[in-house]
$ cat run-v4.cif   # mmCIF, C-alpha atoms
data_my_file
loop_
_atom_site.label_atom_id
_atom_site.label_comp_id
_atom_site.auth_asym_id
_atom_site.auth_seq_id
_atom_site.Cartn_x
_atom_site.Cartn_y
_atom_site.Cartn_z
CA GLN A 3 130.79 -111.90 43.23
CA GLU A 4 127.60 -112.11 45.25
CA SER A 5 125.20 -114.86 44.31
CA ALA A 6 121.61 -115.63 45.14
CA ALA A 7 121.82 -119.04 43.48
CA SER A 8 122.35 -122.06 45.68
CA PHE A 9 125.25 -124.46 45.30
CA THR A 10 124.38 -126.84 42.45
CA GLY A 11 126.92 -129.63 42.72
CA ILE A 12 129.79 -127.78 41.02
CA GLU A 13 132.80 -129.91 41.89
CA ALA A 14 135.67 -128.28 40.02
CA VAL A 15 136.42 -125.28 37.82
CA THR A 16 139.38 -124.88 35.50
CA LEU A 17 139.83 -121.19 34.75
CA TYR A 18 141.41 -119.97 31.53
CA PRO A 19 142.23 -116.31 30.77
CA SER A 20 138.82 -115.69 29.15
CA SER A 21 136.73 -118.81 29.84
CA ALA A 22 136.35 -121.74 32.20
CA LYS A 23 135.56 -125.44 32.24
CA VAL A 24 132.94 -126.27 34.86
CA GLU A 25 132.54 -129.83 36.17
CA VAL A 26 129.36 -130.83 38.00
CA LYS A 27 128.64 -134.02 39.92
CA SER A 28 125.28 -134.96 41.37
CA LYS A 29 122.76 -137.74 41.80
CA ALA A 30 120.43 -138.24 38.88
CA VAL A 31 116.72 -137.48 39.31
CA PRO A 32 115.12 -138.58 36.01
CA GLU A 33 111.71 -137.47 34.79
CA LYS A 34 109.33 -139.49 32.64
CA LEU A 35 107.61 -137.45 29.95
CA PRO A 36 104.01 -138.14 28.81
CA GLY A 37 105.40 -139.73 25.65
CA GLY A 38 107.35 -142.28 27.68
CA GLU A 39 110.80 -140.71 27.28
CA VAL A 40 113.02 -140.62 30.32
CA VAL A 41 114.93 -137.34 30.60
CA LEU A 42 117.34 -135.73 32.99
CA VAL A 43 117.09 -131.92 33.02
CA VAL A 44 119.92 -129.55 33.97
CA TYR A 45 120.31 -125.81 33.52
CA LEU A 46 123.42 -124.08 32.26
CA PRO A 47 124.29 -120.40 32.74
CA GLY A 48 123.45 -118.14 29.83
CA TYR A 49 127.14 -117.62 29.01
CA ALA A 50 127.80 -121.36 28.71
CA TYR A 51 128.63 -122.93 25.35
CA PRO A 52 126.00 -125.70 25.00
CA ASN A 53 127.91 -127.43 22.20
CA THR A 54 130.69 -128.19 24.70
CA VAL A 55 128.50 -130.23 27.09
CA SER A 56 129.95 -133.62 27.94
CA ALA A 57 128.01 -136.01 30.18
CA SER A 58 128.73 -139.26 31.98
CA ILE A 59 125.70 -141.16 33.23
CA ASP A 60 125.20 -144.54 34.86
CA GLY A 61 122.89 -145.58 32.06
CA LYS A 62 122.63 -145.21 28.29
CA LEU A 63 122.47 -141.68 26.87
CA ALA A 64 120.18 -141.65 23.85
CA GLY A 65 120.37 -137.96 22.96
CA MET A 66 120.34 -134.38 24.17
CA ASN A 67 117.94 -131.48 23.60
CA ILE A 68 118.98 -127.85 24.08
CA GLU A 69 116.50 -125.04 24.77
CA ARG A 70 117.28 -121.37 25.38
CA LEU A 71 114.91 -119.91 27.95
CA ALA A 72 113.40 -116.46 27.59
CA LYS A 73 114.55 -113.65 29.89
CA GLU A 74 111.05 -113.32 31.36
CA ASP A 75 110.67 -117.08 31.95
CA ASP A 76 110.05 -117.49 35.70
CA SER A 77 111.08 -121.16 35.54
CA ASP A 78 114.71 -120.17 34.99
CA PRO A 79 116.34 -121.40 38.23
CA ILE A 80 119.44 -119.25 37.76
CA LEU A 81 117.60 -115.96 37.28
CA ALA A 82 114.76 -116.78 39.71
CA PRO A 83 116.71 -116.05 42.95
CA TRP A 84 117.75 -112.64 41.64
CA LYS A 85 114.17 -111.87 40.59
CA LYS A 86 112.99 -112.81 44.08
CA MET A 87 115.71 -110.68 45.66
CA LEU A 88 114.61 -107.72 43.52
CA LEU A 89 110.93 -108.17 44.37
CA ASP A 90 111.64 -108.52 48.10
CA ALA A 91 113.85 -105.42 48.09
CA GLN A 92 111.22 -103.41 46.17
CA ASN A 93 108.50 -104.45 48.65
CA GLU A 94 110.76 -103.60 51.58
CA HIS A 95 111.58 -100.19 50.09
CA ALA A 96 107.89 -99.47 49.42
CA ALA A 97 106.91 -100.35 53.00
CA LEU A 98 109.66 -98.20 54.48
CA LYS A 99 108.78 -95.32 52.17
CA ALA A 100 105.12 -95.51 53.20
CA GLU A 101 106.09 -95.48 56.86
CA GLN A 102 108.40 -92.52 56.27
CA GLU A 103 105.61 -90.54 54.63
CA GLY A 104 103.28 -91.35 57.53
CA VAL A 105 105.86 -90.16 60.06
CA GLN A 106 106.41 -86.97 58.05
CA ALA A 107 102.64 -86.32 58.06
CA ARG A 108 102.49 -86.72 61.86
CA ILE A 109 105.47 -84.41 62.31
CA ALA A 110 103.81 -81.79 60.10
CA MET A 111 100.53 -82.05 62.03
CA TRP A 112 102.14 -81.85 65.44
CA SER A 113 104.50 -79.05 64.43
CA ASN A 114 101.64 -76.76 63.33
CA PRO A 115 98.70 -77.34 65.71
CA ALA A 116 95.55 -75.26 65.46
CA SER A 117 95.15 -72.40 67.92
CA PRO A 118 93.21 -73.68 70.96
CA GLN A 119 89.99 -72.07 72.06
CA ALA A 120 89.97 -70.50 75.51
CA ASN A 121 87.77 -73.18 77.08
CA LEU A 122 89.97 -75.90 75.61
CA ALA A 123 93.26 -74.56 76.97
CA PRO A 124 93.70 -77.16 79.77
CA GLU A 125 93.05 -80.01 77.33
CA MET A 126 95.44 -78.55 74.76
CA GLU A 127 98.13 -78.28 77.44
CA ARG A 128 97.89 -82.00 78.04
CA LEU A 129 97.90 -82.62 74.28
CA ASP A 130 100.95 -80.40 73.91
CA LYS A 131 102.96 -82.60 76.23
CA ALA A 132 101.82 -85.67 74.34
CA MET A 133 102.71 -84.03 71.00
CA GLN A 134 106.20 -83.20 72.21
CA ALA A 135 106.76 -86.84 73.09
CA GLY A 136 105.26 -87.87 69.76
CA LEU A 137 107.48 -85.47 67.82
CA LYS A 138 110.55 -86.78 69.61
CA ALA A 139 109.66 -90.39 68.77
CA ALA A 140 108.76 -89.50 65.16
CA ASN A 141 112.04 -87.67 64.54
CA ALA A 142 113.95 -90.59 66.05
CA ARG A 143 112.12 -92.97 63.73
CA MET A 144 112.92 -90.76 60.74
CA LEU A 145 116.60 -91.10 61.58
CA GLU A 146 116.22 -94.89 61.75
CA LEU A 147 114.35 -95.07 58.44
CA ALA A 148 116.99 -93.21 56.40
CA PRO A 149 119.71 -95.96 56.46
CA LEU A 150 117.08 -98.69 56.07
CA LEU A 151 115.78 -97.04 52.90
CA GLU A 152 119.33 -96.63 51.63
CA GLU A 153 120.09 -100.31 52.27
CA ALA A 154 116.91 -101.41 50.47
CA GLN A 155 117.82 -99.20 47.51
CA LYS A 156 121.27 -100.82 47.37
CA LYS A 157 119.67 -104.28 47.27
CA ILE A 158 117.46 -103.16 44.39
CA ALA A 159 120.48 -101.82 42.51
CA VAL A 160 122.47 -105.04 43.03
CA ALA A 161 119.61 -107.27 41.86
CA GLU A 162 118.84 -105.07 38.84
CA LYS A 163 122.51 -104.99 37.82
CA GLN A 164 122.83 -108.75 38.16
CA LEU A 165 119.66 -109.43 36.19
CA GLU A 166 120.81 -107.04 33.49
CA SER A 167 124.20 -108.75 33.21
CA LEU A 168 122.96 -112.36 33.30
CA ALA A 169 121.87 -114.01 30.08
CA PRO A 170 118.87 -116.39 29.97
CA SER A 171 119.80 -119.95 30.88
CA TYR A 172 120.01 -123.05 28.73
CA LYS A 173 117.76 -125.97 29.56
CA ILE A 174 119.50 -129.23 28.69
CA SER A 175 117.39 -132.40 28.56
CA PHE A 176 119.38 -135.61 28.39
CA VAL A 177 117.23 -138.32 26.79
CA LEU A 178 117.97 -141.65 28.43
CA ALA A 179 117.32 -145.20 27.37
CA GLN A 180 117.35 -146.32 31.00
CA LEU A 181 118.35 -144.86 34.32
CA ARG A 182 117.78 -145.53 37.98
CA SER A 183 117.12 -142.65 40.34
CA GLY A 184 120.13 -141.80 42.46
CA SER A 185 122.66 -142.94 39.89
CA ASP A 186 125.89 -141.00 39.61
CA PHE A 187 125.65 -138.21 37.06
CA THR A 188 128.48 -135.94 36.00
CA TYR A 189 128.69 -133.38 33.25
CA SER A 190 130.93 -130.52 32.20
CA TYR A 191 130.71 -127.48 29.97
CA MET A 192 132.72 -124.48 28.87
CA LEU A 193 131.67 -121.09 30.23
CA GLY A 194 132.32 -117.65 28.74
CA ASN A 195 132.30 -114.16 30.28
CA CYS A 196 134.73 -115.25 32.98
CA GLY A 197 138.45 -115.73 33.46
CA TRP A 198 141.47 -114.76 35.50
CA ARG A 199 144.53 -112.58 35.33
CA PRO A 200 147.72 -112.52 37.39
CA SER A 201 148.35 -109.91 40.05
CA TYR A 202 151.80 -109.25 41.51
CA THR A 203 152.89 -107.45 44.66
CA LEU A 204 156.44 -106.39 45.46
CA ASN A 205 157.30 -105.78 49.11
CA ALA A 206 160.67 -104.28 50.03
CA LEU A 207 161.91 -105.16 53.53
CA PRO A 208 165.02 -103.01 54.16
CA GLY A 209 165.41 -104.21 57.75
CA ALA A 210 165.62 -107.83 56.63
CA GLU A 211 167.60 -106.91 53.49
CA LYS A 212 165.25 -108.76 51.22
CA VAL A 213 162.45 -108.25 48.74
CA GLU A 214 159.30 -110.39 48.64
CA LEU A 215 157.42 -111.03 45.38
CA GLY A 216 153.82 -112.07 45.83
CA PHE A 217 151.58 -113.64 43.20
CA SER A 218 147.81 -113.95 43.20
CA ALA A 219 144.99 -114.37 40.71
CA GLU A 220 142.06 -112.01 40.10
CA ILE A 221 139.08 -114.16 39.16
CA THR A 222 135.92 -112.86 37.50
CA GLN A 223 132.78 -114.78 36.65
CA ASN A 224 129.15 -113.95 36.02
CA SER A 225 127.45 -117.34 35.89
CA GLY A 226 124.92 -116.64 38.64
CA PHE A 227 126.40 -119.50 40.71
CA ASP A 228 128.56 -119.20 43.79
CA TRP A 229 132.03 -120.74 43.36
CA ARG A 230 133.04 -120.53 47.01
CA ASP A 231 134.56 -123.80 48.31
CA VAL A 232 134.83 -125.11 44.74
CA LYS A 233 138.13 -126.67 43.69
CA THR A 234 139.63 -124.14 41.27
CA SER A 235 142.60 -124.56 38.93
CA LEU A 236 144.24 -121.93 36.74
CA ALA A 237 145.44 -122.54 33.20
CA THR A 238 147.16 -120.27 30.71
CA ASN A 239 146.38 -122.00 27.42
CA ALA A 240 143.26 -121.42 25.34
CA PRO A 241 140.98 -124.49 25.38
CA ARG A 242 138.83 -125.92 22.61
CA ARG A 243 135.19 -124.94 22.95
CA ASP A 244 133.82 -127.75 20.81
CA VAL A 245 133.82 -131.39 21.84
CA THR A 246 133.12 -132.43 18.22
CA PRO A 247 136.32 -133.71 16.58
CA PRO A 248 137.56 -131.56 13.69
CA GLU A 249 136.85 -132.72 10.14
CA LEU A 250 139.87 -134.47 8.68
CA ASP A 251 141.00 -133.96 5.09
CA PRO A 252 141.02 -137.16 3.01
CA TRP A 253 144.34 -139.00 2.76
CA ARG A 254 144.45 -141.02 -0.44
CA ILE A 255 146.99 -143.84 -0.69
CA SER A 256 147.82 -145.19 -4.15
CA GLN A 257 150.57 -147.20 -5.82
CA MET A 258 153.83 -145.29 -6.10
CA GLN A 259 154.85 -144.40 -9.67
CA PRO A 260 158.57 -144.88 -10.61
CA HIS A 261 160.50 -141.71 -11.48
CA ALA A 262 162.75 -141.49 -14.60
CA PRO A 263 166.49 -141.43 -13.70
CA ALA A 264 168.12 -138.00 -13.95
CA ASN A 265 170.64 -137.40 -16.77
CA ASN A 266 173.58 -136.28 -14.68
CA LYS A 267 175.98 -135.91 -17.59
CA ALA A 268 173.71 -133.61 -19.55
CA VAL A 269 173.20 -131.49 -16.49
CA ALA A 270 176.97 -131.27 -15.91
CA PHE A 271 177.61 -130.40 -19.55
CA GLU A 272 175.03 -127.68 -19.59
CA ALA A 273 176.43 -126.27 -16.40
CA ASN A 274 179.95 -126.04 -17.87
CA GLU A 275 178.91 -124.64 -21.23
CA PRO A 276 180.18 -121.04 -21.70
#
$ encode --input "run-v4.cif" --output "structure tokens"
Amino acid sequence: QESAASFTGIEAVTLYPSSAKVEVKSKAVPEKLPGGEVVLVVYLPGYAYPNTVSASIDGKLAGMNIERLAKEDDSDPILAPWKKMLLDAQNEHAALKAEQEGVQARIAMWSNPASPQANLAPEMERLDKAMQAGLKAANARMLELAPLLEEAQKKIAVAEKQLESLAPSYKISFVLAQLRSGSDFTYSYMLGNCGWRPSYTLNALPGAEKVELGFSAEITQNSGFDWRDVKTSLATNAPRRDVTPPELDPWRISQMQPHAPANNKAVAFEANEP
């Protein structure tokens, strides 16, 4: 997957068939709010499960606030690079299109010149030579512009598709009792809309009288982050998506009540009665 988002400290990813656990490690950069609270802000991809966030901070964690950003929010750092890519590609396409139209206008003008007057014939002869050179250069430029326009259109399509597929991010604010800047900060979360599946290849080698079985994994993810050079593990089981322990049913312990002895004789008699 292509990504316009920069590497954000993702240290390890454990991929499950239809989800993933993402582990992030970075240095803490706390912010002090006007009310005096010290917070540490991180952003999760839109397909993350915010109730699965687990954090480890060199300092006391007093709470956590979760906010879902709007799609049009320009402060979303995950969507922002794709929005910039789209805007740049649209501007590039518009500039190339304007140049193409200008070249087409010059070609049209030089291809259909007005009939020269008799006394202007020598001047028009000189202009004719210049127009031929101009037409040659304009046609060459038209050939150059065609692939550039096509490439810009592809960039627009990629950015639009990515923005359409990405969900708005989550803004997570960790409220801290105390924290020093530069302290170690790690957190993890479960991510949806991703996963892996096995892929097998079978190669027959008659000359060597053997068959080779190859195994690989096809990984898909749409977080908006680049996972290149990230330590990746594959798992086959389905993980829990909630870090909250399940509610336990009550287990009541009371004094054991004695049971009346069974009347074995009566049971034997009744069993033998015709």
$ residues_around --input "run-v4.cif" --residues "Val177 in chain A" --least-positions-apart "2" --cutoff "6 Å" --atoms "all atoms listed in the file" --output "PyMOL selection string"
chain A and resi 40-41+64-66
$ resolve_selection --input "run-v4.cif" --expression "the PyMOL selection byres ((chain A and resi 78) around 12)" --output "VMD selection string"
chain A and resid 7 44 to 48 69 to 77 79 to 86 165 168 to 173 226
$ closest_residue --input "run-v4.cif" --among "A:Thr16, A:Gln223, A:Thr54, A:Ser21" --to "Tyr189 in chain A" --atoms "all atoms listed in the file"
A:Thr54
$ closest_residue --input "run-v4.cif" --among "A:Val232, A:Ala140, A:Ala91, A:Ala50" --to "Val160 in chain A" --atoms "only C-alpha atoms"
A:Ala91
$ residues_around --input "run-v4.cif" --residues "range 24-37 of chain A" --least-positions-apart "6" --cutoff "12 Å" --atoms "all atoms listed in the file" --output "PDB file with C-alpha atoms, keeping the file's coordinate frame"
ATOM      1  CA  PHE A   9     125.250-124.460  45.300  1.00  0.00           C
ATOM      2  CA  THR A  10     124.380-126.840  42.450  1.00  0.00           C
ATOM      3  CA  GLY A  11     126.920-129.630  42.720  1.00  0.00           C
ATOM      4  CA  ILE A  12     129.790-127.780  41.020  1.00  0.00           C
ATOM      5  CA  GLU A  13     132.800-129.910  41.890  1.00  0.00           C
ATOM      6  CA  ALA A  14     135.670-128.280  40.020  1.00  0.00           C
ATOM      7  CA  VAL A  15     136.420-125.280  37.820  1.00  0.00           C
ATOM      8  CA  THR A  16     139.380-124.880  35.500  1.00  0.00           C
ATOM      9  CA  LEU A  17     139.830-121.190  34.750  1.00  0.00           C
ATOM     10  CA  TYR A  18     141.410-119.970  31.530  1.00  0.00           C
ATOM     11  CA  VAL A  43     117.090-131.920  33.020  1.00  0.00           C
ATOM     12  CA  VAL A  44     119.920-129.550  33.970  1.00  0.00           C
ATOM     13  CA  TYR A  45     120.310-125.810  33.520  1.00  0.00           C
ATOM     14  CA  LEU A  46     123.420-124.080  32.260  1.00  0.00           C
ATOM     15  CA  PRO A  47     124.290-120.400  32.740  1.00  0.00           C
ATOM     16  CA  TYR A  49     127.140-117.620  29.010  1.00  0.00           C
ATOM     17  CA  ALA A  50     127.800-121.360  28.710  1.00  0.00           C
ATOM     18  CA  TYR A  51     128.630-122.930  25.350  1.00  0.00           C
ATOM     19  CA  THR A  54     130.690-128.190  24.700  1.00  0.00           C
ATOM     20  CA  VAL A  55     128.500-130.230  27.090  1.00  0.00           C
ATOM     21  CA  SER A  56     129.950-133.620  27.940  1.00  0.00           C
ATOM     22  CA  ALA A  57     128.010-136.010  30.180  1.00  0.00           C
ATOM     23  CA  SER A  58     128.730-139.260  31.980  1.00  0.00           C
ATOM     24  CA  ILE A  59     125.700-141.160  33.230  1.00  0.00           C
ATOM     25  CA  ASP A  60     125.200-144.540  34.860  1.00  0.00           C
ATOM     26  CA  GLY A  61     122.890-145.580  32.060  1.00  0.00           C
ATOM     27  CA  SER A 175     117.390-132.400  28.560  1.00  0.00           C
ATOM     28  CA  PHE A 176     119.380-135.610  28.390  1.00  0.00           C
ATOM     29  CA  VAL A 177     117.230-138.320  26.790  1.00  0.00           C
ATOM     30  CA  LEU A 178     117.970-141.650  28.430  1.00  0.00           C
ATOM     31  CA  ALA A 179     117.320-145.200  27.370  1.00  0.00           C
ATOM     32  CA  GLN A 180     117.350-146.320  31.000  1.00  0.00           C
ATOM     33  CA  LEU A 181     118.350-144.860  34.320  1.00  0.00           C
ATOM     34  CA  ARG A 182     117.780-145.530  37.980  1.00  0.00           C
ATOM     35  CA  SER A 183     117.120-142.650  40.340  1.00  0.00           C
ATOM     36  CA  GLY A 184     120.130-141.800  42.460  1.00  0.00           C
ATOM     37  CA  SER A 185     122.660-142.940  39.890  1.00  0.00           C
ATOM     38  CA  ASP A 186     125.890-141.000  39.610  1.00  0.00           C
ATOM     39  CA  PHE A 187     125.650-138.210  37.060  1.00  0.00           C
ATOM     40  CA  THR A 188     128.480-135.940  36.000  1.00  0.00           C
ATOM     41  CA  TYR A 189     128.690-133.380  33.250  1.00  0.00           C
ATOM     42  CA  SER A 190     130.930-130.520  32.200  1.00  0.00           C
ATOM     43  CA  TYR A 191     130.710-127.480  29.970  1.00  0.00           C
ATOM     44  CA  MET A 192     132.720-124.480  28.870  1.00  0.00           C
ATOM     45  CA  LEU A 193     131.670-121.090  30.230  1.00  0.00           C
ATOM     46  CA  GLY A 194     132.320-117.650  28.740  1.00  0.00           C
ATOM     47  CA  CYS A 196     134.730-115.250  32.980  1.00  0.00           C
ATOM     48  CA  GLY A 197     138.450-115.730  33.460  1.00  0.00           C
ATOM     49  CA  GLN A 223     132.780-114.780  36.650  1.00  0.00           C
ATOM     50  CA  SER A 225     127.450-117.340  35.890  1.00  0.00           C
ATOM     51  CA  PHE A 227     126.400-119.500  40.710  1.00  0.00           C
ATOM     52  CA  TRP A 229     132.030-120.740  43.360  1.00  0.00           C
ATOM     53  CA  VAL A 232     134.830-125.110  44.740  1.00  0.00           C
ATOM     54  CA  LYS A 233     138.130-126.670  43.690  1.00  0.00           C
ATOM     55  CA  THR A 234     139.630-124.140  41.270  1.00  0.00           C
ATOM     56  CA  SER A 235     142.600-124.560  38.930  1.00  0.00           C
TER      57      SER A 235
END
$ atom_distance --input "run-v4.cif" --atom1 "CA of Lys163 in chain A" --atom2 "CA of Ala240 in chain A"
29.3 Å
$ resolve_selection --input "run-v4.cif" --expression "the PyMOL selection byres ((chain A and resi 221) around 7)" --output "list in words"
Gly197, Trp198, Arg199, Ala219, Glu220, Thr222 and Gln223 of chain A
$ atom_distance --input "run-v4.cif" --atom1 "CA of His95 in chain A" --atom2 "CA of Leu151 in chain A"
6.0 Å
$ atom_distance --input "run-v4.cif" --atom1 "CA of Asn53 in chain A" --atom2 "CA of Ser20 in chain A"
17.5 Å
